[in-house]
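Q: Here you go, one structure.
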Amino acid sequence: MRKDYLLESYKNNAGLDLSGCKFLGEGHHGKVFLRADGRVVKICTTVKSCKKEYEILKKVHGSKYFPRVYEYDTIYMVRDYVGGQCLREYIKVYGLSKTLALNVIQLLEEFERLNFTKIDIRCKDIFVQKDESVMVIDPKGCYSRNMKYPRHLMKGLKKSMYLEKFLKILTEERPDLYERWIINNSV
Ligand SMILES: Nc1ncnc2c1ncn2[C@@H]1O[C@H](COP(=O)(O)OP(=O)(O)O)[C@@H](O)[C@H]1O
Ligand SMILES: [Mg+2]
């Protein structure tokens, strides 16, 4: 698709009628709207990024940590809405409880189970629900980037002043993972 046409299509919401939809947010790769039926439409800036993200969501289909995806066409996809608040904001208000830390650890273990090559995620892409369960909203590079440990996650937790608590819980509860992710990757 030609660049100017692509930009036009993005601006024009891929020709979709989004009246009655609520705008949820926009990132570097796309914008997201909530439909009246409770699903969201993500319109992406490039065909490549849309296709890649759709393929990841198809691959992880059935995992409780990811929104289900229903439809894909060129630069948009339809998927489940994820409620809650992103971890970065959530932590500022409620802090990091042991339950939440363990849920995040289980999420990272799920990445390993799904054979991701990137065992990492940014705080802004984890959405925390009322019961402190967690979900991923924006999976990227899960099968293409190489990262054996939660580098960006730990960076974010450090900024929020919760890294120490997270690592304490990880050592106490999952010394095996502490060794694999932290000891084996420190220089
Ligand atoms: N499934 C979803 N449920 C609720 N909000 C979402 C969902 N997907 C995206 N959002 C909101 O839209 C914003 C942009 O979406 P995102 O998928 O992160 O775009 P990008 O790929 O450009 O980073 C997010 O930061 C979030 O606020
Ligand atoms: Mg994003």
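Identifiers in this document derive from the order of the structure tokens: chains are assigned A, B, ..., residues are numbered from 1 separately in each chain, and ligands are numbered from 1 in order of occurrence.
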Would you please give, as a ChimeraX atom specification, all residues of range 7-168 of chain A that DSSP assigns to strand (DSSP E) based on the backbone?
A: /A:22-26,30-34,39-44,69-73,76-80,85-86,126-128,134-136
Q: Give as a list of chain:residue names the residues surrounding ligand 2 up to a distance of 8 Å, considering only C-alpha atoms and all ligand atoms.
A: A:Glu26, A:Gly27, A:His28, A:His29, A:Gly30, A:Lys124, A:Asp125, A:Ile137, A:Asp138
Q: Selected residues, all heavy atoms, written as a compact mmCIF listing (two decimals), in the first residue's frame, please.
A:
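Everything below was put into out21.txt:
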```
# COMPACT_ATOMS: atom_id res chain seq x y z
N GLU A 26 -4.33 6.37 21.88
CA GLU A 26 -3.50 6.27 20.68
C GLU A 26 -2.05 6.10 21.10
O GLU A 26 -1.60 6.75 22.05
CB GLU A 26 -3.68 7.53 19.82
CG GLU A 26 -2.95 7.46 18.50
CD GLU A 26 -3.41 8.55 17.52
OE1 GLU A 26 -4.06 9.52 17.95
OE2 GLU A 26 -3.09 8.40 16.32
N GLY A 27 -1.34 5.21 20.43
CA GLY A 27 0.08 5.01 20.70
C GLY A 27 0.89 5.30 19.45
O GLY A 27 0.39 5.95 18.53
N HIS A 28 2.12 4.77 19.39
CA HIS A 28 2.95 5.01 18.21
C HIS A 28 2.47 4.24 17.00
O HIS A 28 2.74 4.60 15.87
CB HIS A 28 4.40 4.62 18.50
CG HIS A 28 5.07 5.54 19.47
ND1 HIS A 28 5.23 6.87 19.21
CD2 HIS A 28 5.58 5.33 20.70
CE1 HIS A 28 5.82 7.45 20.24
NE2 HIS A 28 6.05 6.52 21.16
N HIS A 29 1.76 3.13 17.25
CA HIS A 29 1.38 2.26 16.12
C HIS A 29 -0.09 2.26 15.77
O HIS A 29 -0.48 1.66 14.79
CB HIS A 29 1.82 0.82 16.40
CG HIS A 29 3.28 0.67 16.56
ND1 HIS A 29 3.89 0.75 17.79
CD2 HIS A 29 4.26 0.48 15.65
CE1 HIS A 29 5.19 0.61 17.62
NE2 HIS A 29 5.45 0.45 16.35
N GLY A 30 -0.90 2.91 16.61
CA GLY A 30 -2.32 2.88 16.27
C GLY A 30 -3.21 3.60 17.25
O GLY A 30 -2.76 4.13 18.26
N LYS A 124 3.16 -0.21 30.98
CA LYS A 124 1.98 0.40 30.38
C LYS A 124 1.14 -0.59 29.56
O LYS A 124 -0.01 -0.32 29.23
CB LYS A 124 2.37 1.61 29.54
CG LYS A 124 3.15 1.32 28.28
CD LYS A 124 3.33 2.63 27.51
CE LYS A 124 4.41 2.56 26.46
NZ LYS A 124 4.20 1.65 25.36
N ASP A 125 1.73 -1.72 29.22
CA ASP A 125 0.99 -2.71 28.43
C ASP A 125 0.34 -3.81 29.28
O ASP A 125 -0.28 -4.72 28.75
CB ASP A 125 1.92 -3.34 27.38
CG ASP A 125 2.31 -2.32 26.31
OD1 ASP A 125 1.49 -1.42 26.04
OD2 ASP A 125 3.42 -2.43 25.77
N ILE A 137 -2.41 -5.66 26.85
CA ILE A 137 -3.25 -5.02 25.83
C ILE A 137 -2.58 -4.93 24.47
O ILE A 137 -3.23 -4.93 23.46
CB ILE A 137 -3.72 -3.60 26.24
CG1 ILE A 137 -2.54 -2.69 26.53
CG2 ILE A 137 -4.74 -3.63 27.34
CD1 ILE A 137 -2.87 -1.24 26.21
N ASP A 138 -1.27 -4.85 24.44
CA ASP A 138 -0.61 -4.45 23.20
C ASP A 138 0.65 -5.30 22.96
O ASP A 138 1.76 -4.83 23.18
CB ASP A 138 -0.25 -2.95 23.35
CG ASP A 138 0.41 -2.38 22.13
OD1 ASP A 138 0.26 -2.97 21.06
OD2 ASP A 138 1.08 -1.33 22.26
```
Q: Residues of chain A that have any atom at most 9 Å from an atom of ligand 1: could you tabulate them with the shortest-distance atom pair and the distance in Å to one decimal, using only C-alpha atoms and all ligand atoms, ordered by chain and increasing number, as a tab-separated table?
A:
```
residue	atom	partner	partner_atom_place_in_ligand_line	distance
A:Phe23	CA	ligand 1	12 (O)	8.0
A:Leu24	CA	ligand 1	11 (C)	4.9
A:Gly25	CA	ligand 1	12 (O)	3.6
A:Glu26	CA	ligand 1	14 (C)	4.0
A:Gly27	CA	ligand 1	22 (O)	3.0
A:His28	CA	ligand 1	22 (O)	4.0
A:His29	CA	ligand 1	22 (O)	3.3
A:Gly30	CA	ligand 1	22 (O)	3.8
A:Lys31	CA	ligand 1	14 (C)	5.4
A:Val32	CA	ligand 1	12 (O)	4.9
A:Phe33	CA	ligand 1	12 (O)	7.5
A:Leu34	CA	ligand 1	4 (C)	7.6
A:Arg39	CA	ligand 1	1 (N)	7.9
A:Val40	CA	ligand 1	1 (N)	6.1
A:Val41	CA	ligand 1	8 (N)	8.3
A:Lys42	CA	ligand 1	17 (O)	6.9
A:Ile43	CA	ligand 1	19 (O)	8.7
A:Cys44	CA	ligand 1	22 (O)	7.1
A:Thr45	CA	ligand 1	22 (O)	8.0
A:Ser49	CA	ligand 1	21 (O)	8.1
A:Cys50	CA	ligand 1	21 (O)	8.6
A:Glu53	CA	ligand 1	21 (O)	8.5
A:Phe66	CA	ligand 1	1 (N)	8.7
A:Pro67	CA	ligand 1	1 (N)	6.3
A:Arg79	CA	ligand 1	1 (N)	6.6
A:Asp80	CA	ligand 1	1 (N)	5.6
A:Tyr81	CA	ligand 1	3 (N)	4.0
A:Val82	CA	ligand 1	3 (N)	3.7
A:Gly83	CA	ligand 1	4 (C)	5.8
A:Gly84	CA	ligand 1	4 (C)	7.9
A:Gln85	CA	ligand 1	27 (O)	8.4
A:Cys86	CA	ligand 1	27 (O)	7.7
A:Lys124	CA	ligand 1	25 (O)	7.0
A:Asp125	CA	ligand 1	18 (O)	6.6
A:Phe127	CA	ligand 1	4 (C)	8.3
A:Val136	CA	ligand 1	1 (N)	8.3
A:Ile137	CA	ligand 1	8 (N)	5.1
A:Asp138	CA	ligand 1	17 (O)	4.4
A:Pro139	CA	ligand 1	17 (O)	7.8
A:Lys140	CA	ligand 1	21 (O)	7.9
```
Q: Could you name the residues that touch Ser63 in chain A at 12 Å or less, counting only C-alpha atoms, but leaving out those on the same chain fewer than 3 positions away, as a list in words?
A: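 After dropping sequence-adjacent residues, the list is Ile56, Leu57, Lys58, Lys59, Val60, Phe66, Pro67, Arg68, Val69, Leu107, Glu110, Phe111, Arg113, Leu114, Val134, Met135 and Val136 of chain A.
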Q: Calculate how many Å separate CA of Thr117 in chain A from CA of Asn184 in chain A, rounding to one decimal.
A: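 The value is 16.2 Å.
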Q: Considering only C-alpha atoms, state which residue in the set A:Ser19, A:Asn13, A:Ser97, A:Ser144 is at the smallest distance from Lys168 in chain A.
A: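 Checking each candidate against Lys168 in chain A, we get A:Ser97 as the closest.
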Q: Which residues come within 10 Å of Lys148 in chain A, counting only C-alpha atoms, excluding same-chain residues fewer than 3 positions away, as a list in words?
A: Glu112, Phe116, Thr117, Lys118, Ile119, Asp120, Arg145, Arg151, Arg180, Trp181, Ile182, Asn184 and Asn185 of chain A
